>>> print(open('my_file.pdb').read())   # PDB, C-alpha atoms
ATOM      1  CA  MET A   1     -14.700 -23.989 -12.045
ATOM      2  CA  PRO A   2     -12.713 -25.870  -9.392
ATOM      3  CA  ALA A   3      -9.658 -27.945 -10.167
ATOM      4  CA  ILE A   4     -10.126 -31.588 -11.118
ATOM      5  CA  ILE A   5      -7.757 -33.937  -9.273
ATOM      6  CA  ASP A   6      -7.108 -37.376 -10.792
ATOM      7  CA  VAL A   7      -5.172 -39.934  -8.736
ATOM      8  CA  SER A   8      -6.816 -42.922 -10.414
ATOM      9  CA  ALA A   9      -3.952 -44.304 -12.517
ATOM     10  CA  ALA A  10      -3.463 -47.834 -11.210
ATOM     11  CA  ASP A  11      -0.265 -48.459 -13.156
ATOM     12  CA  ARG A  12       1.507 -45.059 -13.048
ATOM     13  CA  PRO A  13       2.674 -42.995 -10.048
ATOM     14  CA  VAL A  14       0.990 -39.833 -11.269
ATOM     15  CA  ILE A  15      -1.413 -37.153 -10.069
ATOM     16  CA  VAL A  16      -3.060 -35.018 -12.758
ATOM     17  CA  ILE A  17      -4.770 -31.743 -11.870
ATOM     18  CA  THR A  18      -6.584 -29.575 -14.409
ATOM     19  CA  ARG A  19      -8.279 -26.216 -14.134
ATOM     20  CA  ASP A  20      -9.761 -23.822 -16.679
ATOM     21  CA  PHE A  21      -9.046 -20.132 -16.108
ATOM     22  CA  ASP A  22     -10.961 -17.212 -17.588
ATOM     23  CA  ALA A  23      -7.746 -15.531 -18.722
ATOM     24  CA  PRO A  24      -5.511 -15.532 -21.799
ATOM     25  CA  ARG A  25      -2.626 -17.996 -21.841
ATOM     26  CA  GLU A  26       0.019 -15.241 -21.708
ATOM     27  CA  LEU A  27      -1.466 -13.918 -18.459
ATOM     28  CA  VAL A  28      -1.615 -17.409 -16.911
ATOM     29  CA  TRP A  29       2.001 -17.939 -18.005
ATOM     30  CA  LYS A  30       3.016 -14.729 -16.236
ATOM     31  CA  ALA A  31       1.143 -15.817 -13.093
ATOM     32  CA  ILE A  32       3.071 -19.117 -12.936
ATOM     33  CA  THR A  33       6.539 -17.871 -13.950
ATOM     34  CA  ASP A  34       6.928 -14.424 -12.370
ATOM     35  CA  PRO A  35       8.016 -14.968  -8.737
ATOM     36  CA  ARG A  36       6.165 -11.832  -7.591
ATOM     37  CA  GLN A  37       2.965 -13.261  -9.062
ATOM     38  CA  VAL A  38       3.541 -16.803  -7.737
ATOM     39  CA  ALA A  39       4.076 -15.407  -4.229
ATOM     40  CA  VAL A  40       0.560 -13.911  -4.334
ATOM     41  CA  TRP A  41      -1.401 -17.116  -5.015
ATOM     42  CA  TYR A  42       0.747 -20.148  -4.156
ATOM     43  CA  GLY A  43      -0.690 -22.381  -1.403
ATOM     44  CA  GLY A  44      -3.987 -22.659   0.373
ATOM     45  CA  PRO A  45      -6.092 -19.999   2.093
ATOM     46  CA  GLY A  46      -4.107 -18.028   4.643
ATOM     47  CA  PHE A  47      -0.743 -19.203   3.333
ATOM     48  CA  THR A  48       1.911 -16.621   2.526
ATOM     49  CA  ASN A  49       5.069 -16.924   0.495
ATOM     50  CA  PRO A  50       7.873 -14.907   2.096
ATOM     51  CA  VAL A  51      10.416 -16.278  -0.392
ATOM     52  CA  CYS A  52       9.882 -17.060  -4.064
ATOM     53  CA  GLU A  53      12.990 -16.992  -6.242
ATOM     54  CA  MET A  54      12.879 -18.363  -9.766
ATOM     55  CA  ASP A  55      15.776 -18.615 -12.208
ATOM     56  CA  LEU A  56      13.570 -19.422 -15.184
ATOM     57  CA  ARG A  57      15.890 -21.356 -17.479
ATOM     58  CA  PRO A  58      16.797 -25.022 -17.890
ATOM     59  CA  GLY A  59      18.982 -25.894 -14.897
ATOM     60  CA  GLY A  60      17.766 -22.812 -13.011
ATOM     61  CA  ALA A  61      16.633 -23.068  -9.410
ATOM     62  CA  TRP A  62      13.218 -22.399  -7.929
ATOM     63  CA  HIS A  63      13.534 -21.723  -4.211
ATOM     64  CA  HIS A  64      10.234 -21.252  -2.435
ATOM     65  CA  VAL A  65       9.273 -20.806   1.208
ATOM     66  CA  MET A  66       5.595 -21.179   1.974
ATOM     67  CA  GLN A  67       4.240 -20.212   5.396
ATOM     68  CA  ALA A  68       1.100 -21.790   6.848
ATOM     69  CA  PRO A  69      -1.404 -19.721   8.840
ATOM     70  CA  ASN A  70       0.035 -21.215  12.066
ATOM     71  CA  GLY A  71       3.512 -19.904  11.173
ATOM     72  CA  THR A  72       5.007 -23.222  10.064
ATOM     73  CA  ARG A  73       7.330 -22.737   7.104
ATOM     74  CA  TYR A  74       7.800 -25.227   4.289
ATOM     75  CA  THR A  75      10.784 -24.950   1.975
ATOM     76  CA  ILE A  76      10.377 -26.253  -1.560
ATOM     77  CA  ASN A  77      13.380 -26.471  -3.862
ATOM     78  CA  SER A  78      13.148 -27.393  -7.509
ATOM     79  CA  VAL A  79      15.179 -27.270 -10.702
ATOM     80  CA  PHE A  80      13.649 -26.186 -13.997
ATOM     81  CA  GLU A  81      14.165 -28.666 -16.817
ATOM     82  CA  GLU A  82      12.218 -27.166 -19.720
ATOM     83  CA  ILE A  83      10.643 -23.804 -20.457
ATOM     84  CA  VAL A  84       8.523 -23.404 -23.585
ATOM     85  CA  GLU A  85       6.902 -19.968 -23.269
ATOM     86  CA  PRO A  86       3.885 -19.708 -22.992
ATOM     87  CA  GLU A  87       2.993 -23.386 -23.361
ATOM     88  CA  ARG A  88       4.913 -25.626 -20.974
ATOM     89  CA  LEU A  89       6.943 -25.470 -17.779
ATOM     90  CA  VAL A  90       8.786 -28.529 -16.449
ATOM     91  CA  TRP A  91      10.620 -28.848 -13.132
ATOM     92  CA  ARG A  92      11.823 -31.473 -10.677
ATOM     93  CA  THR A  93      11.467 -31.059  -6.940
ATOM     94  CA  ILE A  94      14.504 -31.769  -4.794
ATOM     95  CA  GLY A  95      14.191 -33.749  -1.568
ATOM     96  CA  ASP A  96      14.276 -31.876   1.732
ATOM     97  CA  PRO A  97      15.966 -33.962   4.442
ATOM     98  CA  ASP A  98      15.016 -31.379   7.105
ATOM     99  CA  ARG A  99      11.274 -32.048   6.732
ATOM    100  CA  ASN A 100       9.738 -34.894   8.676
ATOM    101  CA  PRO A 101       7.936 -36.419   7.036
ATOM    102  CA  ALA A 102       9.579 -35.209   3.870
ATOM    103  CA  PRO A 103       7.256 -35.077   0.887
ATOM    104  CA  PRO A 104       8.284 -37.298  -2.007
ATOM    105  CA  THR A 105      10.170 -35.728  -4.880
ATOM    106  CA  SER A 106       8.414 -35.397  -8.214
ATOM    107  CA  HIS A 107       8.746 -34.459 -11.867
ATOM    108  CA  ASN A 108       6.165 -31.787 -12.740
ATOM    109  CA  THR A 109       4.854 -30.573 -16.071
ATOM    110  CA  VAL A 110       2.404 -27.701 -16.456
ATOM    111  CA  THR A 111       0.887 -27.182 -19.884
ATOM    112  CA  LEU A 112      -1.268 -24.237 -20.882
ATOM    113  CA  GLU A 113      -3.799 -24.857 -23.632
ATOM    114  CA  VAL A 114      -5.865 -22.116 -25.274
ATOM    115  CA  ARG A 115      -9.557 -23.022 -25.156
ATOM    116  CA  GLY A 116     -11.404 -20.085 -26.704
ATOM    117  CA  GLN A 117     -11.489 -17.310 -24.096
ATOM    118  CA  GLN A 118     -10.095 -19.643 -21.454
ATOM    119  CA  THR A 119      -6.779 -21.291 -20.691
ATOM    120  CA  ARG A 120      -6.635 -24.880 -19.520
ATOM    121  CA  TRP A 121      -3.877 -25.322 -16.936
ATOM    122  CA  LYS A 122      -2.833 -28.943 -16.544
ATOM    123  CA  LEU A 123      -0.332 -30.195 -13.987
ATOM    124  CA  VAL A 124       1.018 -33.712 -14.381
ATOM    125  CA  THR A 125       3.088 -34.748 -11.382
ATOM    126  CA  LEU A 126       5.053 -37.962 -11.763
ATOM    127  CA  PHE A 127       6.409 -39.538  -8.577
ATOM    128  CA  ASP A 128       9.175 -42.132  -8.250
ATOM    129  CA  SER A 129       6.703 -44.822  -7.139
ATOM    130  CA  ILE A 130       3.023 -45.448  -6.569
ATOM    131  CA  ALA A 131       3.763 -45.494  -2.822
ATOM    132  CA  ASP A 132       5.242 -41.965  -3.135
ATOM    133  CA  ARG A 133       2.195 -40.810  -5.090
ATOM    134  CA  ASP A 134      -0.150 -42.260  -2.496
ATOM    135  CA  LEU A 135       1.823 -40.658   0.355
ATOM    136  CA  SER A 136       1.671 -37.282  -1.418
ATOM    137  CA  ALA A 137      -2.071 -37.671  -1.917
ATOM    138  CA  LYS A 138      -2.464 -38.561   1.772
ATOM    139  CA  MET A 139      -0.390 -35.481   2.730
ATOM    140  CA  GLY A 140      -2.885 -33.308   0.803
ATOM    141  CA  PHE A 141      -0.851 -32.544  -2.333
ATOM    142  CA  GLY A 142      -3.885 -32.398  -4.651
ATOM    143  CA  GLN A 143      -6.020 -30.366  -2.263
ATOM    144  CA  MET A 144      -3.225 -27.833  -1.656
ATOM    145  CA  ILE A 145      -2.687 -27.400  -5.408
ATOM    146  CA  SER A 146      -6.446 -27.107  -5.936
ATOM    147  CA  MET A 147      -6.728 -24.392  -3.268
ATOM    148  CA  GLY A 148      -3.764 -22.622  -4.872
ATOM    149  CA  THR A 149      -5.569 -22.641  -8.222
ATOM    150  CA  ASP A 150      -8.571 -21.003  -6.512
ATOM    151  CA  ARG A 151      -6.258 -18.243  -5.316
ATOM    152  CA  MET A 152      -4.648 -18.062  -8.772
ATOM    153  CA  ALA A 153      -8.086 -17.637 -10.395
ATOM    154  CA  ALA A 154      -8.813 -14.669  -8.119
ATOM    155  CA  HIS A 155      -5.357 -13.225  -8.800
ATOM    156  CA  LEU A 156      -5.812 -13.632 -12.568
ATOM    157  CA  ALA A 157      -9.140 -11.817 -12.384
ATOM    158  CA  THR A 158      -7.364  -8.925 -10.655
ATOM    159  CA  LEU A 159      -4.514  -8.939 -13.195
ATOM    160  CA  GLN A 160      -6.969  -9.066 -16.076
ATOM    161  CA  GLY A 161      -8.947  -6.144 -14.613
ATOM    162  CA  VAL A 162      -5.762  -4.097 -14.326
ATOM    163  CA  GLN A 163      -4.753  -5.066 -17.866
ATOM    164  CA  ASP A 164      -8.223  -4.213 -19.233
ATOM    165  CA  HIS A 165      -8.222  -0.802 -17.529
ATOM    166  CA  GLY A 166      -4.525  -0.005 -17.792
TER     167      GLY A 166
END
>>> encode(input="my_file.pdb", output="structure tokens")
Amino acid sequence: MPAIIDVSAADRPVIVITRDFDAPRELVWKAITDPRQVAVWYGGPGFTNPVCEMDLRPGGAWHHVMQAPNGTRYTINSVFEEIVEPERLVWRTIGDPDRNPAPPTSHNTVTLEVRGQQTRWKLVTLFDSIADRDLSAKMGFGQMISMGTDRMAAHLATLQGVQDHG
């Protein structure tokens, strides 16, 4: 099942993306909080992640470098605000003055909900303004996250196969 991207809120600067994964919540949690796992699936097809460092605690840094297929590198820096294992992860992105155009900063909350044999992953990204949300949508934020969830689904299937046979 592909991700569902909702940018329809007329009165709130928010993008909501949901995706159901055929994996237990604890495995999805590991895939989104273990930097070695995140580096495998983060970004769209052909993207690599040469740097993924996560200090998973409130106030801890998440430093991520994503590389596009053409070699362009994008640095993403964030600070974790809340960690409720294995249910919720909250972080705030930090502006990058070296990027032009720089993507807007955002407050991000991922929740993981058990739904029988599946886990519903829900990302709520709150921007500082509707203009920032619209710029992010225009820059492909939702599509990039959606493609990343496709890669995460494939990675989870591999992890689950290893777990089932290990």
>>> resolve_selection(input="my_file.pdb", expression="the PyMOL selection byres ((chain A and resi 134) around 12)", output="list of chain:residue names")
A:Asp6, A:Val7, A:Ser8, A:Ala9, A:Ala10, A:Arg12, A:Pro13, A:Val14, A:Ile15, A:Pro103, A:Pro104, A:Leu126, A:Phe127, A:Asp128, A:Ser129, A:Ile130, A:Ala131, A:Asp132, A:Arg133, A:Leu135, A:Ser136, A:Ala137, A:Lys138, A:Met139, A:Gly140, A:Phe141, A:Gly142
>>> resolve_selection(input="my_file.pdb", expression="the PyMOL selection byres ((chain A and resi 63) around 12)", output="PyMOL selection string")
chain A and resi 35+38-39+49-56+60-62+64-66+74-80+91-94+96
>>> residues_around(input="my_file.pdb", residues="Pro45 in chain A", least_positions_apart="5", cutoff="10 Å", atoms="only C-alpha atoms", output="JSON, numbers by chain")
{"A": [68, 69, 144, 147, 148, 150, 151]}
>>> atom_distance(input="my_file.pdb", atom1="CA of Leu123 in chain A", atom2="CA of Trp29 in chain A")
13.1 Å
>>> atom_distance(input="my_file.pdb", atom1="CA of Thr109 in chain A", atom2="CA of Ala157 in chain A")
23.7 Å
>>> closest_residue(input="my_file.pdb", among="A:Gln117, A:Thr149, A:Asn100, A:His107", to="Glu81 in chain A", atoms="all atoms listed in the file")
A:His107
>>> resolve_selection(input="my_file.pdb", expression="the PyMOL selection byres ((chain A and resi 28) around 9)", output="PyMOL selection string")
chain A and resi 21+23-27+29-33+86+112+119+121+152+156
>>> axis_aligned_box(input="my_file.pdb", around="range 122-131 of chain A", padding_each_side="5 Å", output="AutoDock Vina command-line options")
--center_x 3.2 --center_y -37.2 --center_z -9.7 --size_x 22.0 --size_y 26.6 --size_z 23.7
>>> atom_distance(input="my_file.pdb", atom1="CA of Asn70 in chain A", atom2="CA of Gly43 in chain A")
13.5 Å
